[in-house]
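Source file: final.txt (compact mmCIF, C-alpha atoms)
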```txt
# COMPACT_ATOMS: atom_id res chain seq x y z
CA MET A 1 124.60 203.05 -49.37
CA LEU A 2 124.95 203.90 -45.69
CA VAL A 3 127.93 206.20 -44.98
CA LYS A 4 129.12 207.36 -41.56
CA ILE A 5 129.60 211.12 -41.35
CA LYS A 6 130.51 213.60 -38.62
CA ARG A 7 129.59 217.29 -38.82
CA ILE A 8 131.90 219.71 -37.00
CA ASP A 9 129.15 222.35 -36.73
CA LYS A 10 125.76 220.72 -36.29
CA THR A 11 123.93 223.98 -37.09
CA LEU A 12 124.85 223.48 -40.75
CA PRO A 13 122.85 220.90 -42.71
CA LEU A 14 124.01 217.47 -43.76
CA PRO A 15 124.99 217.27 -47.43
CA LYS A 16 121.98 216.45 -49.57
CA TYR A 17 120.93 215.78 -53.13
CA GLU A 18 119.25 218.92 -54.46
CA SER A 19 117.11 217.05 -57.00
CA ALA A 20 115.83 213.53 -57.60
CA GLY A 21 118.27 213.11 -60.49
CA ALA A 22 121.34 214.59 -58.79
CA ALA A 23 124.44 212.38 -58.87
CA ALA A 24 126.27 214.23 -56.10
CA LEU A 25 125.53 215.78 -52.71
CA ASP A 26 126.07 219.49 -52.20
CA LEU A 27 128.76 220.43 -49.66
CA TYR A 28 128.67 223.60 -47.55
CA ALA A 29 131.38 225.99 -46.41
CA ARG A 30 131.77 225.79 -42.63
CA VAL A 31 133.23 229.29 -42.25
CA ARG A 32 133.30 232.53 -44.20
CA THR A 33 136.46 232.49 -46.32
CA GLU A 34 138.13 235.21 -48.37
CA ILE A 35 140.38 234.08 -51.21
CA PRO A 36 142.72 236.75 -52.64
CA PRO A 37 143.07 237.14 -56.41
CA LYS A 38 145.23 234.54 -58.18
CA SER A 39 145.54 232.56 -54.92
CA ILE A 40 144.48 229.22 -53.51
CA GLY A 41 142.18 229.21 -50.50
CA LYS A 42 141.12 226.38 -48.23
CA ILE A 43 137.45 226.13 -47.28
CA PRO A 44 136.52 223.66 -44.52
CA SER A 45 133.57 221.45 -45.50
CA ASN A 46 132.29 220.77 -41.97
CA LEU A 47 132.57 217.02 -42.65
CA ILE A 48 134.53 213.98 -41.67
CA VAL A 49 133.43 211.06 -43.84
CA LEU A 50 134.12 207.36 -43.32
CA THR A 51 133.96 206.18 -46.92
CA PRO A 52 132.67 202.59 -47.21
CA PRO A 53 135.21 199.82 -47.93
CA GLY A 54 136.04 199.54 -51.62
CA HIS A 55 134.96 203.14 -52.33
CA VAL A 56 136.46 206.60 -52.61
CA PHE A 57 134.76 209.92 -51.82
CA ILE A 58 135.30 212.50 -54.59
CA VAL A 59 134.92 216.27 -54.15
CA VAL A 60 134.38 218.52 -57.19
CA PRO A 61 133.16 222.11 -57.60
CA ARG A 62 129.51 222.72 -58.30
CA SER A 63 129.06 223.40 -62.01
CA SER A 64 128.10 227.02 -61.27
CA THR A 65 131.11 227.74 -59.05
CA PRO A 66 133.62 228.85 -61.74
CA LYS A 67 131.18 231.25 -63.44
CA ARG A 68 129.37 232.47 -60.34
CA LYS A 69 132.34 232.73 -57.97
CA GLY A 70 135.46 232.76 -60.17
CA LEU A 71 136.82 229.69 -58.39
CA SER A 72 138.08 226.32 -59.62
CA ILE A 73 139.66 223.36 -57.85
CA PRO A 74 143.37 223.56 -58.75
CA GLN A 75 143.86 219.80 -59.06
CA GLY A 76 140.48 219.26 -60.77
CA LEU A 77 139.01 217.09 -58.03
CA GLY A 78 139.69 215.98 -54.50
CA ILE A 79 140.15 212.33 -53.62
CA ILE A 80 139.23 211.50 -50.04
CA ASP A 81 140.76 208.19 -49.04
CA ARG A 82 138.89 205.82 -46.75
CA ASP A 83 141.51 206.15 -44.03
CA TYR A 84 141.21 209.96 -43.98
CA SER A 85 138.52 209.83 -41.32
CA GLY A 86 140.19 210.53 -37.98
CA PRO A 87 138.81 212.96 -35.39
CA ASP A 88 140.55 215.98 -36.99
CA ASP A 89 140.31 214.90 -40.67
CA GLU A 90 137.77 217.48 -41.81
CA ILE A 91 137.54 217.54 -45.59
CA ALA A 92 138.97 220.81 -46.89
CA MET A 93 138.03 222.11 -50.32
CA HIS A 94 140.86 223.92 -52.10
CA PHE A 95 139.87 226.57 -54.62
CA TYR A 96 141.91 228.75 -56.95
CA ASN A 97 140.60 232.30 -57.40
CA PHE A 98 141.28 233.03 -61.06
CA THR A 99 139.78 236.54 -60.88
CA ASP A 100 141.44 239.89 -60.16
CA GLU A 101 139.21 240.47 -57.10
CA VAL A 102 138.92 238.95 -53.64
CA VAL A 103 136.28 236.19 -53.68
CA VAL A 104 134.20 235.68 -50.56
CA VAL A 105 132.58 232.34 -49.78
CA GLU A 106 130.00 232.73 -47.04
CA ARG A 107 129.43 230.28 -44.20
CA GLY A 108 126.74 227.80 -45.27
CA GLU A 109 127.19 228.49 -48.98
CA ARG A 110 126.97 225.44 -51.26
CA ILE A 111 130.35 225.48 -52.94
CA ALA A 112 131.20 221.90 -53.94
CA GLN A 113 129.72 218.45 -54.47
CA GLY A 114 130.73 215.02 -53.23
CA PHE A 115 130.00 211.48 -54.33
CA CYS A 116 131.21 207.92 -53.72
CA LEU A 117 132.59 205.66 -56.41
CA PRO A 118 133.69 202.03 -56.19
CA VAL A 119 137.40 201.47 -56.67
CA ASP A 120 139.49 198.39 -57.33
CA ARG A 121 143.03 198.08 -56.06
CA ILE A 122 145.48 197.13 -58.76
CA GLU A 123 148.48 194.86 -58.81
CA TRP A 124 151.25 195.37 -61.33
CA GLU A 125 152.26 192.74 -63.85
CA GLU A 126 155.51 194.10 -65.21
CA THR A 127 156.45 193.25 -68.79
CA GLU A 128 159.19 194.23 -71.22
CA GLN A 129 156.76 195.04 -74.05
CA LEU A 130 153.12 195.97 -74.56
CA ASP A 131 151.57 194.92 -77.87
CA ASN A 132 149.40 197.95 -78.70
CA PRO A 133 150.73 200.41 -81.32
CA THR A 134 151.87 203.90 -80.28
CA ARG A 135 149.05 206.43 -80.67
CA GLY A 136 151.15 209.59 -80.74
CA GLY A 137 150.23 211.53 -77.59
CA PHE A 138 147.88 214.43 -76.81
CA GLY A 139 145.26 215.07 -79.47
CA SER A 140 146.31 212.04 -81.50
CA THR A 141 142.69 211.00 -82.18
CA GLY A 142 141.74 214.43 -83.53
CA TYR A 143 140.55 217.78 -82.21
```
In structure tokens, write the structure found in this file.
Amino acid sequence: MLVKIKRIDKTLPLPKYESAGAAALDLYARVRTEIPPKSIGKIPSNLIVLTPPGHVFIVVPRSSTPKRKGLSIPQGLGIIDRDYSGPDDEIAMHFYNFTDEVVVVERGERIAQGFCLPVDRIEWEETEQLDNPTRGGFGSTGY
């Protein structure tokens, strides 16, 4: 899939797959960022991405980020809509520092991953009743 991308700082590399079996591209921090304890910090990714029609670009932390850095994405993942691709629409990666220390992310550090997924737009068909039985809520299929 061919995807248009703009780097803010061309001295940093383009995102790339780190192995032949990798499902996502590693994303780099554009600037050195300090995130205070128990706070949310915003790390610029250096990228503006024009996601292909019918797709969404998803940003998630690298699997090592929580253990190695003490950071997690507060909302779990970032959804980058196709129309978020204007000249100043650099993707920002939000991270929560769950440690008791300041966490430093260095410029050029691989901190997150991104990938494209196809998406369908839905239309609602409103009804007064759905025929499936009630399951009971969280944990209703067992622990």
Near Ala24 of chain A, within 6 Å and counting only C-alpha atoms, which residues show up once chain neighbours fewer than 2 positions away are dropped, as number ranges by chain? A: 22, 113-115
Please, what distance in Å, to one decimal, runs between atom CA of Asp81 of chain A and atom CA of Gly41 of chain A?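 Distance between the two atoms: 21.1 Å.
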Need the shell around Leu50 of chain A: protein/DNA/RNA residues with any atom at most 7 Å away, counting only C-alpha atoms. Skip same-chain ones fewer than 4 positions apart. Format as a PyMOL selection string? chain A and resi 3-5+82+85
Straight-line distance linking atom CA of Asp88 of chain A with atom CA of Ile48 of chain A, stated in Å to one decimal: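 Those two atoms sit 7.9 Å apart.
The interatomic distance for the pair atom CA of Phe95 of chain A and atom CA of Gly78 of chain A works out to 10.6 Å.
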Residues within 6 Å of (136.4, 223.4, -47.1), file coordinates, counting all atoms listed in the file: what are they? Give the list as a PyMOL selection string. chain A and resi 29+42-45+92-93
Under the rule that all atoms listed in the file are counted, which of A:Ile80, A:Val49, A:Leu130, A:Ile40 is the nearest residue to Phe98 of chain A? A:Ile40
Residues within 9 Å of segment 63-65 of chain A, all atoms listed in the file, excluding chain neighbours under 6 positions, as a PDB file with C-alpha atoms, in the coordinates of the input:
```
ATOM      1  CA  LEU A  71     136.820 229.690 -58.390  1.00  0.00           C
ATOM      2  CA  SER A  72     138.080 226.320 -59.620  1.00  0.00           C
ATOM      3  CA  ILE A 111     130.350 225.480 -52.940  1.00  0.00           C
ATOM      4  CA  ALA A 112     131.200 221.900 -53.940  1.00  0.00           C
TER       5      ALA A 112
END
```
So which one's closest to Leu2 of chain A, A:Cys116, A:Arg110, A:Asp26, A:Lys38? Using all atoms listed in the file, please.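 The answer is A:Cys116, which sits nearest to Leu2 of chain A.
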Nearest residue to Gly76 of chain A out of A:Val102, A:Tyr96, A:Phe57, A:Glu18, using only C-alpha atoms?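 Using only C-alpha atoms, the shortest distance to Gly76 of chain A belongs to A:Tyr96.
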Measuring atom to atom with all atoms listed in the file, identify which of A:Pro87, A:Pro133, A:Pro66, A:Pro61 is nearest to Arg7 of chain A.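 Counting all atoms listed in the file, the residue closest to Arg7 of chain A is A:Pro87.
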Nearby residues (all atoms listed in the file) at most 10 Å from Glu106 of chain A, same-chain spacing under 2 positions excluded, as a PDB file with C-alpha atoms, in the frame of the given file:
```pdb
ATOM      1  CA  TYR A  28     128.670 223.600 -47.550  1.00  0.00           C
ATOM      2  CA  ALA A  29     131.380 225.990 -46.410  1.00  0.00           C
ATOM      3  CA  ARG A  30     131.770 225.790 -42.630  1.00  0.00           C
ATOM      4  CA  VAL A  31     133.230 229.290 -42.250  1.00  0.00           C
ATOM      5  CA  ARG A  32     133.300 232.530 -44.200  1.00  0.00           C
ATOM      6  CA  THR A  33     136.460 232.490 -46.320  1.00  0.00           C
ATOM      7  CA  GLU A  34     138.130 235.210 -48.370  1.00  0.00           C
ATOM      8  CA  ILE A  43     137.450 226.130 -47.280  1.00  0.00           C
ATOM      9  CA  VAL A 103     136.280 236.190 -53.680  1.00  0.00           C
ATOM     10  CA  VAL A 104     134.200 235.680 -50.560  1.00  0.00           C
ATOM     11  CA  GLY A 108     126.740 227.800 -45.270  1.00  0.00           C
ATOM     12  CA  GLU A 109     127.190 228.490 -48.980  1.00  0.00           C
ATOM     13  CA  ARG A 110     126.970 225.440 -51.260  1.00  0.00           C
ATOM     14  CA  ILE A 111     130.350 225.480 -52.940  1.00  0.00           C
TER      15      ILE A 111
END
```
With distances taken over only C-alpha atoms, which residue among A:Lys16, A:Arg135, A:Arg107, A:Lys6 lies nearest Thr51 of chain A?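 The closest residue to Thr51 of chain A is A:Lys6.
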Grab all the atoms of segment 74-87 of chain A that the file lists, wrap them in a box along x, y and z, add 6 Å per side, and give me centre plus edge lengths in Å (one decimal) as AutoDock Vina command-line options.
```
--center_x 141.2 --center_y 214.7 --center_z -48.1 --size_x 17.3 --size_y 29.7 --size_z 37.4
```
Residue with the minimum atom-to-atom distance to Asp89 of chain A, picked from A:Asn46, A:Ser39, A:Thr134, A:Ser19 with all atoms listed in the file counted, is A:Asn46
When you write segment 21-141 of chain A out from the block above, keep C-alpha atoms and present the result as an mmCIF file, in the first residue's frame, please.
```cif
data_model
loop_
_atom_site.group_PDB
_atom_site.id
_atom_site.type_symbol
_atom_site.label_atom_id
_atom_site.label_comp_id
_atom_site.auth_asym_id
_atom_site.auth_seq_id
_atom_site.Cartn_x
_atom_site.Cartn_y
_atom_site.Cartn_z
ATOM 1 C CA GLY A 21 7.306 -10.262 10.312
ATOM 2 C CA ALA A 22 6.530 -6.894 11.932
ATOM 3 C CA ALA A 23 2.904 -5.782 11.646
ATOM 4 C CA ALA A 24 3.584 -2.127 12.479
ATOM 5 C CA LEU A 25 6.133 0.564 11.669
ATOM 6 C CA ASP A 26 8.190 2.086 14.465
ATOM 7 C CA LEU A 27 7.621 5.807 15.094
ATOM 8 C CA TYR A 28 10.293 8.165 16.420
ATOM 9 C CA ALA A 29 10.171 11.076 18.841
ATOM 10 C CA ARG A 30 10.941 14.318 17.003
ATOM 11 C CA VAL A 31 12.160 16.181 20.103
ATOM 12 C CA ARG A 32 13.498 15.342 23.537
ATOM 13 C CA THR A 33 10.533 15.306 25.910
ATOM 14 C CA GLU A 34 10.359 15.135 29.701
ATOM 15 C CA ILE A 35 7.147 13.779 31.215
ATOM 16 C CA PRO A 36 6.664 14.464 34.943
ATOM 17 C CA PRO A 37 5.468 11.669 37.247
ATOM 18 C CA LYS A 38 1.753 10.824 37.078
ATOM 19 C CA SER A 39 1.329 13.202 34.119
ATOM 20 C CA ILE A 40 0.474 13.059 30.447
ATOM 21 C CA GLY A 41 3.069 14.259 27.961
ATOM 22 C CA LYS A 42 2.798 14.921 24.255
ATOM 23 C CA ILE A 43 5.591 13.667 22.007
ATOM 24 C CA PRO A 44 5.604 14.874 18.388
ATOM 25 C CA SER A 45 6.072 12.008 15.913
ATOM 26 C CA ASN A 46 7.673 14.043 13.109
ATOM 27 C CA LEU A 47 4.950 12.817 10.734
ATOM 28 C CA ILE A 48 1.966 14.000 8.805
ATOM 29 C CA VAL A 49 0.278 11.001 7.179
ATOM 30 C CA LEU A 50 -2.337 10.991 4.433
ATOM 31 C CA THR A 51 -4.072 7.716 5.227
ATOM 32 C CA PRO A 52 -5.448 6.007 2.093
ATOM 33 C CA PRO A 53 -9.206 6.177 1.457
ATOM 34 C CA GLY A 54 -11.137 3.556 3.413
ATOM 35 C CA HIS A 55 -8.357 3.185 6.016
ATOM 36 C CA VAL A 56 -7.398 4.523 9.423
ATOM 37 C CA PHE A 57 -3.874 4.974 10.809
ATOM 38 C CA ILE A 58 -3.538 3.583 14.349
ATOM 39 C CA VAL A 59 -0.802 4.560 16.822
ATOM 40 C CA VAL A 60 0.028 2.283 19.781
ATOM 41 C CA PRO A 61 2.991 2.079 22.165
ATOM 42 C CA ARG A 62 5.792 -0.327 21.381
ATOM 43 C CA SER A 63 5.379 -3.438 23.522
ATOM 44 C CA SER A 64 8.530 -2.559 25.479
ATOM 45 C CA THR A 65 7.496 1.033 26.242
ATOM 46 C CA PRO A 66 5.531 0.428 29.488
ATOM 47 C CA LYS A 67 8.238 -1.740 31.077
ATOM 48 C CA ARG A 68 11.273 0.077 29.695
ATOM 49 C CA LYS A 69 10.019 3.661 30.024
ATOM 50 C CA GLY A 70 7.096 3.553 32.479
ATOM 51 C CA LEU A 71 4.776 5.057 29.866
ATOM 52 C CA SER A 72 1.409 4.002 28.472
ATOM 53 C CA ILE A 73 -1.009 5.644 26.054
ATOM 54 C CA PRO A 74 -3.849 6.954 28.246
ATOM 55 C CA GLN A 75 -6.619 6.144 25.775
ATOM 56 C CA GLY A 76 -5.040 2.816 24.733
ATOM 57 C CA LEU A 77 -4.463 3.778 21.113
ATOM 58 C CA GLY A 78 -4.532 6.776 18.839
ATOM 59 C CA ILE A 79 -6.850 6.938 15.847
ATOM 60 C CA ILE A 80 -5.572 9.179 13.067
ATOM 61 C CA ASP A 81 -8.413 10.089 10.740
ATOM 62 C CA ARG A 82 -7.805 10.431 7.017
ATOM 63 C CA ASP A 83 -8.644 14.127 7.062
ATOM 64 C CA TYR A 84 -6.061 14.840 9.786
ATOM 65 C CA SER A 85 -3.372 15.533 7.221
ATOM 66 C CA GLY A 86 -3.103 19.298 6.839
ATOM 67 C CA PRO A 87 0.198 21.199 6.808
ATOM 68 C CA ASP A 88 0.303 21.486 10.632
ATOM 69 C CA ASP A 89 -1.333 18.132 11.512
ATOM 70 C CA GLU A 90 1.733 16.400 12.927
ATOM 71 C CA ILE A 91 0.757 13.206 14.720
ATOM 72 C CA ALA A 92 1.337 13.637 18.450
ATOM 73 C CA MET A 93 1.752 10.629 20.706
ATOM 74 C CA HIS A 94 0.257 11.097 24.174
ATOM 75 C CA PHE A 95 1.821 9.093 26.984
ATOM 76 C CA TYR A 96 0.964 8.770 30.660
ATOM 77 C CA ASN A 97 3.960 8.475 32.994
ATOM 78 C CA PHE A 98 2.776 6.022 35.634
ATOM 79 C CA THR A 99 6.087 6.128 37.554
ATOM 80 C CA ASP A 100 7.179 8.340 40.448
ATOM 81 C CA GLU A 101 10.100 9.758 38.427
ATOM 82 C CA VAL A 102 10.451 12.084 35.456
ATOM 83 C CA VAL A 103 10.647 10.028 32.247
ATOM 84 C CA VAL A 104 12.814 11.337 29.428
ATOM 85 C CA VAL A 105 12.165 10.372 25.819
ATOM 86 C CA GLU A 106 15.123 11.295 23.649
ATOM 87 C CA ARG A 107 14.909 12.764 20.157
ATOM 88 C CA GLY A 108 14.996 9.905 17.638
ATOM 89 C CA GLU A 109 13.928 7.276 20.176
ATOM 90 C CA ARG A 110 11.501 4.639 18.895
ATOM 91 C CA ILE A 111 8.560 5.099 21.208
ATOM 92 C CA ALA A 112 5.426 3.952 19.362
ATOM 93 C CA GLN A 113 4.198 1.978 16.365
ATOM 94 C CA GLY A 114 1.748 2.776 13.609
ATOM 95 C CA PHE A 115 -0.252 0.712 11.149
ATOM 96 C CA CYS A 116 -3.134 1.089 8.687
ATOM 97 C CA LEU A 117 -6.369 -0.858 8.890
ATOM 98 C CA PRO A 118 -9.325 -0.882 6.519
ATOM 99 C CA VAL A 119 -12.510 0.605 7.933
ATOM 100 C CA ASP A 120 -16.118 0.515 6.838
ATOM 101 C CA ARG A 121 -18.476 3.382 7.515
ATOM 102 C CA ILE A 122 -21.674 2.299 9.183
ATOM 103 C CA GLU A 123 -25.260 3.372 8.789
ATOM 104 C CA TRP A 124 -27.733 2.925 11.614
ATOM 105 C CA GLU A 125 -30.873 0.845 11.298
ATOM 106 C CA GLU A 126 -32.805 1.784 14.402
ATOM 107 C CA THR A 127 -35.122 -0.815 15.920
ATOM 108 C CA GLU A 128 -37.260 -1.099 19.032
ATOM 109 C CA GLN A 129 -35.891 -4.535 19.980
ATOM 110 C CA LEU A 130 -32.845 -6.704 19.362
ATOM 111 C CA ASP A 131 -33.397 -10.463 19.514
ATOM 112 C CA ASN A 132 -30.224 -11.645 21.274
ATOM 113 C CA PRO A 133 -30.483 -12.525 24.995
ATOM 114 C CA THR A 134 -28.833 -10.301 27.616
ATOM 115 C CA ARG A 135 -25.355 -11.577 28.500
ATOM 116 C CA GLY A 136 -24.950 -9.819 31.832
ATOM 117 C CA GLY A 137 -22.107 -7.323 31.355
ATOM 118 C CA PHE A 138 -18.381 -7.317 32.149
ATOM 119 C CA GLY A 139 -16.915 -10.752 32.802
ATOM 120 C CA SER A 140 -20.174 -12.504 31.958
ATOM 121 C CA THR A 141 -18.416 -15.230 29.938
#
```
